[in-house]
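Below is the file target.txt, which contains compact mmCIF, C-alpha atoms and all ligand atoms.
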```txt
# COMPACT_ATOMS: atom_id res chain seq x y z
CA MET A 1 -11.43 -3.91 14.02
CA GLU A 2 -13.86 -1.06 14.39
CA ILE A 3 -12.72 1.96 12.35
CA SER A 4 -14.81 4.59 14.09
CA ASN A 5 -12.73 6.13 16.88
CA SER A 6 -9.55 4.38 15.65
CA VAL A 7 -6.29 6.29 15.11
CA ALA A 8 -4.80 5.68 11.66
CA LEU A 9 -1.48 6.41 9.98
CA VAL A 10 -1.46 6.45 6.17
CA THR A 11 1.86 6.53 4.30
CA GLY A 12 1.86 8.30 0.93
CA ALA A 13 -1.31 10.11 2.06
CA ASN A 14 -0.86 13.09 -0.27
CA ARG A 15 -2.20 11.52 -3.47
CA GLY A 16 -3.68 8.49 -5.21
CA ILE A 17 -4.93 5.55 -3.15
CA GLY A 18 -3.40 6.98 0.05
CA ARG A 19 -5.42 10.14 -0.27
CA GLU A 20 -8.58 8.09 -0.80
CA PHE A 21 -7.78 6.09 2.36
CA VAL A 22 -7.78 9.39 4.23
CA ALA A 23 -11.13 10.52 2.74
CA GLU A 24 -12.85 7.21 3.47
CA LEU A 25 -11.42 6.89 6.99
CA LEU A 26 -12.86 10.34 7.74
CA ASN A 27 -16.25 9.19 6.34
CA ARG A 28 -16.13 6.16 8.62
CA GLY A 29 -15.62 8.22 11.76
CA VAL A 30 -11.92 7.79 12.50
CA ALA A 31 -10.75 9.74 15.56
CA LYS A 32 -7.41 10.88 14.11
CA ILE A 33 -5.27 10.26 11.02
CA TYR A 34 -1.55 10.88 10.78
CA VAL A 35 -1.29 11.87 7.13
CA ALA A 36 2.27 10.96 6.27
CA SER A 37 4.11 12.28 3.25
CA ARG A 38 7.70 12.80 2.10
CA ASP A 39 6.88 16.46 1.54
CA THR A 40 4.27 17.83 3.94
CA ALA A 41 3.74 20.81 1.58
CA SER A 42 2.03 18.30 -0.75
CA LEU A 43 -0.64 17.81 1.97
CA LYS A 44 -1.79 21.44 1.69
CA ASP A 45 -4.91 20.63 -0.33
CA LEU A 46 -5.87 17.77 2.00
CA LEU A 47 -5.50 19.99 5.07
CA LYS A 48 -7.18 23.08 3.61
CA ASP A 49 -10.60 22.39 5.22
CA GLY A 50 -8.97 22.44 8.65
CA ASP A 51 -10.29 19.05 9.84
CA SER A 52 -8.75 18.80 13.30
CA ARG A 53 -8.55 14.99 12.97
CA LEU A 54 -5.73 15.29 10.40
CA VAL A 55 -2.15 15.51 11.65
CA ALA A 56 0.60 16.04 9.06
CA LEU A 57 3.68 13.88 9.48
CA PRO A 58 6.89 14.12 7.42
CA LEU A 59 7.78 10.55 6.47
CA ASP A 60 9.98 9.07 3.80
CA VAL A 61 9.52 5.36 4.47
CA THR A 62 13.12 4.69 3.37
CA ASP A 63 14.57 7.03 6.01
CA PRO A 64 15.21 5.11 9.28
CA ASP A 65 15.39 8.29 11.39
CA GLN A 66 12.03 9.52 10.11
CA VAL A 67 10.48 6.08 10.62
CA ALA A 68 11.72 5.98 14.24
CA ALA A 69 10.53 9.55 14.86
CA ALA A 70 7.09 8.72 13.39
CA ALA A 71 6.64 5.81 15.82
CA LYS A 72 7.43 8.16 18.72
CA ILE A 73 5.15 10.97 17.54
CA ALA A 74 2.27 8.69 16.48
CA ALA A 75 2.38 6.48 19.58
CA ASP A 76 -1.43 6.23 19.71
CA VAL A 77 -1.86 4.55 16.30
CA THR A 78 -4.27 1.60 16.14
CA LEU A 79 -4.40 1.18 12.33
CA LEU A 80 -1.21 1.37 10.24
CA ILE A 81 -1.67 1.61 6.46
CA ASN A 82 1.48 0.87 4.46
CA ASN A 83 0.34 2.46 1.22
CA ALA A 84 3.42 4.32 -0.11
CA GLY A 85 4.72 2.72 -3.27
CA TYR A 86 7.03 3.24 -6.21
CA ALA A 87 6.91 1.68 -9.67
CA ALA A 88 9.41 2.37 -12.42
CA PHE A 89 7.63 0.15 -14.97
CA GLN A 90 10.73 -1.34 -16.46
CA GLY A 91 12.09 -4.69 -17.51
CA ALA A 92 14.68 -6.64 -15.58
CA ILE A 93 17.12 -6.57 -18.52
CA ALA A 94 15.88 -3.56 -20.53
CA ALA A 95 16.40 -1.17 -17.59
CA PRO A 96 19.65 0.83 -17.92
CA ASP A 97 20.79 -0.23 -14.42
CA THR A 98 19.37 -1.63 -11.19
CA ASP A 99 18.82 1.75 -9.47
CA ASP A 100 15.03 1.76 -9.88
CA ALA A 101 14.81 -1.92 -8.97
CA ARG A 102 16.57 -1.12 -5.69
CA ARG A 103 14.30 1.87 -5.08
CA GLU A 104 11.21 -0.31 -5.64
CA MET A 105 12.52 -2.74 -3.04
CA GLU A 106 13.45 0.08 -0.66
CA VAL A 107 10.01 1.69 -0.78
CA ASN A 108 7.67 -1.27 -1.37
CA TYR A 109 9.42 -3.98 0.63
CA PHE A 110 11.88 -2.43 3.12
CA GLY A 111 9.60 0.57 3.72
CA THR A 112 6.75 -1.77 4.66
CA LEU A 113 9.07 -3.87 6.82
CA SER A 114 10.61 -0.86 8.62
CA LEU A 115 7.28 0.82 9.33
CA THR A 116 5.74 -2.40 10.62
CA ARG A 117 8.75 -3.13 12.85
CA ALA A 118 8.63 0.42 14.26
CA PHE A 119 4.87 0.33 14.89
CA ALA A 120 4.54 -3.26 16.14
CA PRO A 121 5.01 -2.18 19.80
CA VAL A 122 2.60 0.74 19.27
CA LEU A 123 -0.06 -1.66 17.95
CA ALA A 124 0.64 -4.09 20.80
CA GLU A 125 0.12 -1.26 23.27
CA ALA A 126 -3.25 -0.60 21.60
CA GLY A 127 -4.29 -4.21 22.21
CA GLY A 128 -3.35 -5.46 18.73
CA GLY A 129 -4.82 -2.99 16.30
CA ALA A 130 -4.62 -3.59 12.57
CA LEU A 131 -2.26 -3.32 9.62
CA ILE A 132 -3.06 -2.85 5.92
CA ASN A 133 -0.33 -3.51 3.36
CA MET A 134 -1.07 -2.27 -0.16
CA LEU A 135 0.14 -5.08 -2.39
CA SER A 136 -0.79 -5.80 -6.02
CA MET A 137 -2.04 -8.67 -8.21
CA LEU A 138 1.52 -8.46 -9.56
CA ALA A 139 2.56 -10.15 -6.31
CA LEU A 140 0.96 -13.32 -7.74
CA VAL A 141 1.75 -12.96 -11.44
CA SER A 142 4.78 -11.25 -12.94
CA LEU A 143 4.47 -8.51 -15.58
CA PRO A 144 7.72 -8.31 -17.58
CA MET A 145 7.19 -4.60 -18.41
CA ALA A 146 7.14 -4.04 -14.61
CA ALA A 147 9.46 -6.89 -13.72
CA THR A 148 11.25 -5.44 -10.74
CA TYR A 149 8.07 -3.82 -9.33
CA SER A 150 6.33 -7.23 -9.56
CA ALA A 151 9.24 -8.77 -7.66
CA SER A 152 9.01 -6.11 -4.93
CA LYS A 153 5.28 -6.79 -4.48
CA ALA A 154 5.86 -10.57 -4.41
CA ALA A 155 8.40 -9.96 -1.64
CA SER A 156 5.89 -7.77 0.19
CA LEU A 157 3.17 -10.42 -0.10
CA SER A 158 5.50 -13.02 1.37
CA LEU A 159 6.44 -10.60 4.15
CA THR A 160 2.77 -9.82 4.85
CA ARG A 161 2.01 -13.51 5.40
CA SER A 162 4.87 -13.86 7.90
CA LEU A 163 3.90 -10.61 9.63
CA ARG A 164 0.36 -11.98 10.08
CA ALA A 165 1.76 -15.06 11.79
CA GLU A 166 4.29 -13.18 13.92
CA LEU A 167 1.94 -10.37 14.93
CA GLY A 168 -0.86 -12.86 15.62
CA ALA A 169 0.52 -13.35 19.13
CA GLN A 170 -0.22 -9.71 19.96
CA GLY A 171 -3.63 -9.81 18.25
CA THR A 172 -2.80 -7.58 15.28
CA GLN A 173 -5.14 -8.02 12.30
CA VAL A 174 -3.15 -8.02 9.02
CA VAL A 175 -4.84 -7.34 5.67
CA GLY A 176 -2.87 -7.49 2.41
CA VAL A 177 -4.65 -5.77 -0.47
CA LEU A 178 -4.31 -7.25 -3.95
CA ALA A 179 -5.42 -4.88 -6.70
CA VAL A 180 -5.03 -4.43 -10.46
CA GLN A 181 -4.67 -1.15 -12.34
CA THR A 182 -6.27 1.75 -10.52
CA GLU A 183 -6.79 5.36 -11.63
CA THR A 184 -3.83 7.17 -10.03
CA ASN A 185 -0.53 8.59 -11.32
CA MET A 186 0.98 5.11 -10.99
CA GLY A 187 -1.99 3.33 -12.59
CA ALA A 188 -2.06 5.77 -15.53
CA LYS A 189 0.88 3.84 -16.99
CA LEU A 190 -1.21 0.66 -17.08
CA PRO A 191 -3.91 -0.20 -19.66
CA GLU A 192 -7.56 0.80 -19.35
CA PRO A 193 -10.06 0.02 -17.95
CA ARG A 194 -8.88 1.00 -14.48
CA MET A 195 -10.54 0.73 -11.12
CA THR A 196 -11.24 3.77 -8.98
CA PRO A 197 -9.25 4.29 -5.76
CA GLN A 198 -12.66 4.38 -4.02
CA GLU A 199 -13.40 0.72 -4.93
CA VAL A 200 -10.02 -0.44 -3.66
CA VAL A 201 -10.17 1.51 -0.41
CA ALA A 202 -13.80 0.57 0.35
CA ASP A 203 -12.97 -3.14 0.05
CA ALA A 204 -9.82 -2.75 2.18
CA LEU A 205 -11.63 -0.92 4.98
CA ASP A 206 -14.66 -3.25 4.79
CA ALA A 207 -12.20 -6.12 5.37
CA ILE A 208 -10.77 -4.39 8.43
CA GLN A 209 -14.26 -3.83 9.82
CA ALA A 210 -15.26 -7.44 9.09
CA GLY A 211 -12.27 -8.72 11.08
CA THR A 212 -10.63 -10.31 8.00
CA ASN A 213 -7.08 -11.47 8.72
CA ASP A 214 -5.96 -12.42 5.21
CA GLU A 215 -5.22 -11.13 1.71
CA ILE A 216 -8.20 -9.53 0.02
CA ILE A 217 -8.99 -9.15 -3.66
CA ALA A 218 -10.06 -5.53 -4.01
CA GLY A 219 -12.53 -4.42 -6.66
CA ASN A 220 -14.47 -6.27 -9.37
CA GLN A 221 -11.71 -5.99 -11.96
CA THR A 222 -9.22 -7.61 -9.59
CA ARG A 223 -11.74 -10.33 -8.73
CA ALA A 224 -12.12 -11.19 -12.44
CA ILE A 225 -8.34 -11.46 -12.92
CA HIS A 226 -7.97 -13.39 -9.67
CA GLU A 227 -10.60 -15.91 -10.84
CA ALA A 228 -8.56 -16.42 -14.01
CA PHE A 229 -5.45 -16.89 -11.84
CA VAL A 230 -7.14 -19.49 -9.63
CA ALA A 231 -8.53 -21.36 -12.66
CA ASP A 232 -5.23 -21.43 -14.57
CA PRO A 233 -2.21 -19.75 -12.91
CA LYS A 234 0.23 -20.74 -15.64
CA GLY A 235 -2.21 -19.65 -18.36
CA LEU A 236 -2.55 -16.19 -16.81
CA GLN A 237 1.24 -15.94 -16.39
CA ALA A 238 1.71 -16.91 -20.06
CA LYS A 239 -0.67 -14.09 -21.05
CA MET A 240 1.14 -11.57 -18.83
CA SER A 241 4.49 -12.74 -20.21
CA THR A 242 3.57 -11.28 -23.61
CA ARG A 243 3.68 -7.77 -22.06
CA LEU A 244 7.36 -7.09 -22.61
CA PRO A 245 9.23 -3.85 -21.78
CA GLN A 246 10.01 -1.36 -24.53
CA ARG A 247 13.59 -1.74 -25.77
CA THR A 248 15.50 1.53 -26.02
N1 LIG B 301 -2.45 2.43 -9.06
C1 LIG B 301 -2.39 1.13 -9.29
O1 LIG B 301 -2.66 0.67 -10.41
C2 LIG B 301 -2.04 0.19 -8.16
C3 LIG B 301 -2.46 -1.15 -8.28
C4 LIG B 301 -2.14 -2.04 -7.25
C5 LIG B 301 -1.44 -1.60 -6.14
N2 LIG B 301 -1.03 -0.29 -6.05
C6 LIG B 301 -0.28 0.11 -4.88
O2 LIG B 301 -1.06 1.06 -4.15
C7 LIG B 301 -0.20 1.95 -3.44
C8 LIG B 301 -0.55 3.39 -3.77
O3 LIG B 301 -0.31 3.57 -5.15
P1 LIG B 301 -0.93 4.76 -6.02
O4 LIG B 301 -1.53 4.15 -7.20
O5 LIG B 301 -1.71 5.67 -5.17
O6 LIG B 301 0.43 5.46 -6.50
P2 LIG B 301 0.84 6.99 -6.71
O7 LIG B 301 -0.32 7.78 -7.13
O8 LIG B 301 2.06 6.93 -7.56
O9 LIG B 301 1.24 7.44 -5.21
C9 LIG B 301 2.33 6.86 -4.59
C10 LIG B 301 2.43 7.43 -3.19
O10 LIG B 301 3.54 6.82 -2.52
C11 LIG B 301 4.37 7.86 -2.03
N3 LIG B 301 5.78 7.47 -1.92
C12 LIG B 301 6.62 7.04 -2.88
N4 LIG B 301 7.86 6.83 -2.38
C13 LIG B 301 7.78 7.13 -1.04
C14 LIG B 301 8.70 7.12 0.02
N5 LIG B 301 9.99 6.76 -0.16
N6 LIG B 301 8.28 7.48 1.26
C15 LIG B 301 6.99 7.86 1.47
N7 LIG B 301 6.07 7.92 0.49
C16 LIG B 301 6.45 7.55 -0.76
C17 LIG B 301 4.18 9.00 -3.01
O11 LIG B 301 4.64 10.21 -2.43
P3 LIG B 301 5.26 11.43 -3.33
O12 LIG B 301 4.07 12.22 -3.81
O13 LIG B 301 6.13 12.15 -2.36
O14 LIG B 301 6.01 10.80 -4.47
C18 LIG B 301 2.67 8.94 -3.20
O15 LIG B 301 2.02 9.53 -2.10
C19 LIG B 301 1.23 1.56 -3.83
O16 LIG B 301 1.78 0.70 -2.85
C20 LIG B 301 1.03 0.80 -5.14
O17 LIG B 301 2.10 -0.08 -5.39
C21 LIG B 301 -1.34 0.61 -7.03
```

Represent the structure of the file as structure tokens.
Amino acid sequence: MEISNSVALVTGANRGIGREFVAELLNRGVAKIYVASRDTASLKDLLKDGDSRLVALPLDVTDPDQVAAAAKIAADVTLLINNAGYAAFQGAIAAPDTDDARREMEVNYFGTLSLTRAFAPVLAEAGGGALINMLSMLALVSLPMAATYSASKAASLSLTRSLRAELGAQGTQVVGVLAVQTETNMGAKLPEPRMTPQEVVADALDAIQAGTNDEIIAGNQTRAIHEAFVADPKGLQAKMSTRLPQRT
């Protein structure tokens, strides 16, 4: 899909990788971006230059009313970017309860599902359009210190593959982005070295422009880990399995 003159919606646009999606979409000549955030006050810095292509949208991806309202307001979207994510970085057993595990599923899995369901007719109306789902290498290998986050991203990867098949009939391009630790608030809890959000976003948007309809491995650091995964999936999992959660 051509990005110039497209109309994008980015969830979690106020910071981290979402904010970089906004910057790079503007560089690539997007016509309009709905910059979606739970708290539109957090978009102040992004909106300060007064770029008329940016439209603030209040959107908690776990709130069905806000999701439905977003699909009505942003009825001209041609590129939906499911970027919003939550990671508690906790073990499956070491966590005090399952509250954060449920929140990870609500944001990362059900949020992606709800947004895509709400915008599928909008994308169809646009002749197909495109969808980017921000996944993680942890969709392929499980990190015990982020056990329930890994599970939520594995669920989202599975969902992304079915969405690609189901939305294929209406011509929607679906790109799932696999990435390792990246320099954001979320990534700061993961070991160095970290990738820049710019590397991740450039590869994701290049894939959209190239017409890729598949998962992509974003950034050199992810490509190195992915090569290790392809060569020896169980070996890489065994290595990751040594990264246990802190016991309290
Ligand atoms: N950083 C990494 O190492 C890394 C690696 C691979 C994949 N990813 C994925 O990349 C995506 C972006 O992550 P990031 O690193 O930029 O994380 P981040 O800096 O923690 O930002 C997360 C974003 O998601 C938003 N968000 C959280 N819950 C939400 C909800 N219920 N409704 C709407 N927005 C919500 C946050 O909004 P608030 O400001 O309102 O909290 C924030 O804008 C996520 O899907 C993440 O899983 C990250």

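With all atoms listed in the file as the atoms that count, the residue of A:Glu199, A:Asp97, A:Asp60, A:Glu2 with the shortest distance to ligand LIG 301 (chain B) is A:Asp60.
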
At a cut-off of 7 Å, using only C-alpha atoms, what residues contact Asp214 (chain A)? Leave out same-chain residues fewer than 6 positions from it and give the result as a PDB file with C-alpha atoms, in the frame of the given file.
```pdb
ATOM      1  CA  VAL A 174      -3.150  -8.020   9.020  1.00  0.00           C
ATOM      2  CA  VAL A 175      -4.840  -7.340   5.670  1.00  0.00           C
ATOM      3  CA  GLY A 176      -2.870  -7.490   2.410  1.00  0.00           C
TER       4      GLY A 176
END
```

Checklist entry - Out of A:Lys32, A:Arg243, A:Arg223, A:Lys48, which residue has the shortest atom-to-atom distance to Leu80 (chain A) when counting only C-alpha atoms? => result A:Lys32

Taking all atoms listed in the file into account, produce a table as CSV in which each residue of chain A with an atom at most 7 Å from an atom of ligand LIG 301 (chain B) appears once, together with its shortest atom pair and the distance in Å to one decimal, ordered by chain and rising number.
```
residue,atom,partner,partner_atom,distance
A:Thr11,CA,B:LIG301,N7,5.8
A:Gly12,CA,B:LIG301,O15,3.3
A:Ala13,CA,B:LIG301,O15,5.4
A:Asn14,CA,B:LIG301,O15,4.9
A:Arg15,CA,B:LIG301,O15,4.9
A:Gly16,CA,B:LIG301,O5,3.4
A:Ile17,CA,B:LIG301,O5,3.8
A:Gly18,CA,B:LIG301,O5,5.6
A:Ser37,CA,B:LIG301,N7,5.5
A:Arg38,CA,B:LIG301,O13,4.8
A:Asp39,CA,B:LIG301,O13,5.9
A:Leu59,CA,B:LIG301,C15,5.7
A:Asp60,CA,B:LIG301,N6,3.4
A:Val61,CA,B:LIG301,N6,4.0
A:Thr62,CA,B:LIG301,N5,5.2
A:Asn83,CA,B:LIG301,O16,4.7
A:Ala84,CA,B:LIG301,O10,3.5
A:Gly85,CA,B:LIG301,O16,3.6
A:Tyr86,CA,B:LIG301,C12,5.1
A:Ala87,CA,B:LIG301,O17,6.7
A:Val107,CA,B:LIG301,N5,5.1
A:Asn108,CA,B:LIG301,O16,6.4
A:Met134,CA,B:LIG301,O16,4.9
A:Leu135,CA,B:LIG301,C5,5.4
A:Ser136,CA,B:LIG301,C4,4.2
A:Met137,CA,B:LIG301,C4,6.7
A:Leu178,CA,B:LIG301,C4,6.5
A:Ala179,CA,B:LIG301,C4,4.4
A:Val180,CA,B:LIG301,C3,4.7
A:Gln181,CA,B:LIG301,O1,3.3
A:Thr182,CA,B:LIG301,O1,3.8
A:Glu183,CA,B:LIG301,N1,5.8
A:Thr184,CA,B:LIG301,O7,4.6
A:Asn185,CA,B:LIG301,O7,4.3
A:Met186,CA,B:LIG301,O8,4.0
A:Gly187,CA,B:LIG301,O1,3.5
A:Leu190,CA,B:LIG301,O1,6.8
```

Next on the checklist: Show me, as a PyMOL selection string, the residues that have an atom within 6 Å of Val200 (chain A) when counting all atoms listed in the file, minus same-chain residues fewer than 2 positions from it.
Outcome noted: chain A and resi 197-198+202-203+218-219

For those residues, write C-alpha atoms to a file as a PDB file, in the coordinates of the input.
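What follows is the written file selection-v1.pdb:
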```pdb
ATOM      1  CA  PRO A 197      -9.250   4.290  -5.760  1.00  0.00           C
ATOM      2  CA  GLN A 198     -12.660   4.380  -4.020  1.00  0.00           C
ATOM      3  CA  ALA A 202     -13.800   0.570   0.350  1.00  0.00           C
ATOM      4  CA  ASP A 203     -12.970  -3.140   0.050  1.00  0.00           C
ATOM      5  CA  ALA A 218     -10.060  -5.530  -4.010  1.00  0.00           C
ATOM      6  CA  GLY A 219     -12.530  -4.420  -6.660  1.00  0.00           C
TER       7      GLY A 219
END
```

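Pairwise distance (CA of Ile81 (chain A), CA of Asn133 (chain A)) equals 6.1 Å.
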
Checklist entry - When you draw a straight line from CA of Ile132 (chain A) to CA of Arg117 (chain A), how long is it in Å? => result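 Separation of CA of Ile132 (chain A) and CA of Arg117 (chain A): 13.7 Å.
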
Checklist entry - Which residue gives the smallest distance to Val177 (chain A) among A:Arg53, A:Arg19, A:Lys153, A:Lys239, with all atoms listed in the file counted? => result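 Answer, going by the shortest atom-to-atom distance: A:Lys153.
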
Next on the checklist: as a VMD selection string, please: the residues near Leu131 (chain A) (cut-off 10 Å, only C-alpha atoms, same-chain neighbours under 6 positions excluded).
Outcome noted: chain A and resid 8 to 9 78 to 82 116 119 to 120 123 160 163 to 164 167 172 to 176 208 213

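CA of His226 (chain A) to CA of Val141 (chain A) spans 9.9 Å [interatomic distance, one decimal].
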
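Among the candidates A:Val55, A:Leu157, A:Ala41, A:Leu140, the one nearest to Ala228 (chain A) when counting all atoms listed in the file is A:Leu140.
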
Next on the checklist: Could you check the closest approach to Leu54 (chain A) for each of A:Ala146, A:Ala23, A:Ala154, A:Leu205 and tell me which residue wins, using all atoms listed in the file?
Outcome noted: A:Ala23

Around all of region 200-216 of chain A's listed atoms, make the axis-aligned box with 3 Å on each side and tell me centre and edge lengths in Å to one decimal, as lines of an AutoDock Vina configuration file.
```
center_x = -10.2
center_y = -5.5
center_z = 3.7
size_x = 16.0
size_y = 19.9
size_z = 20.7
```
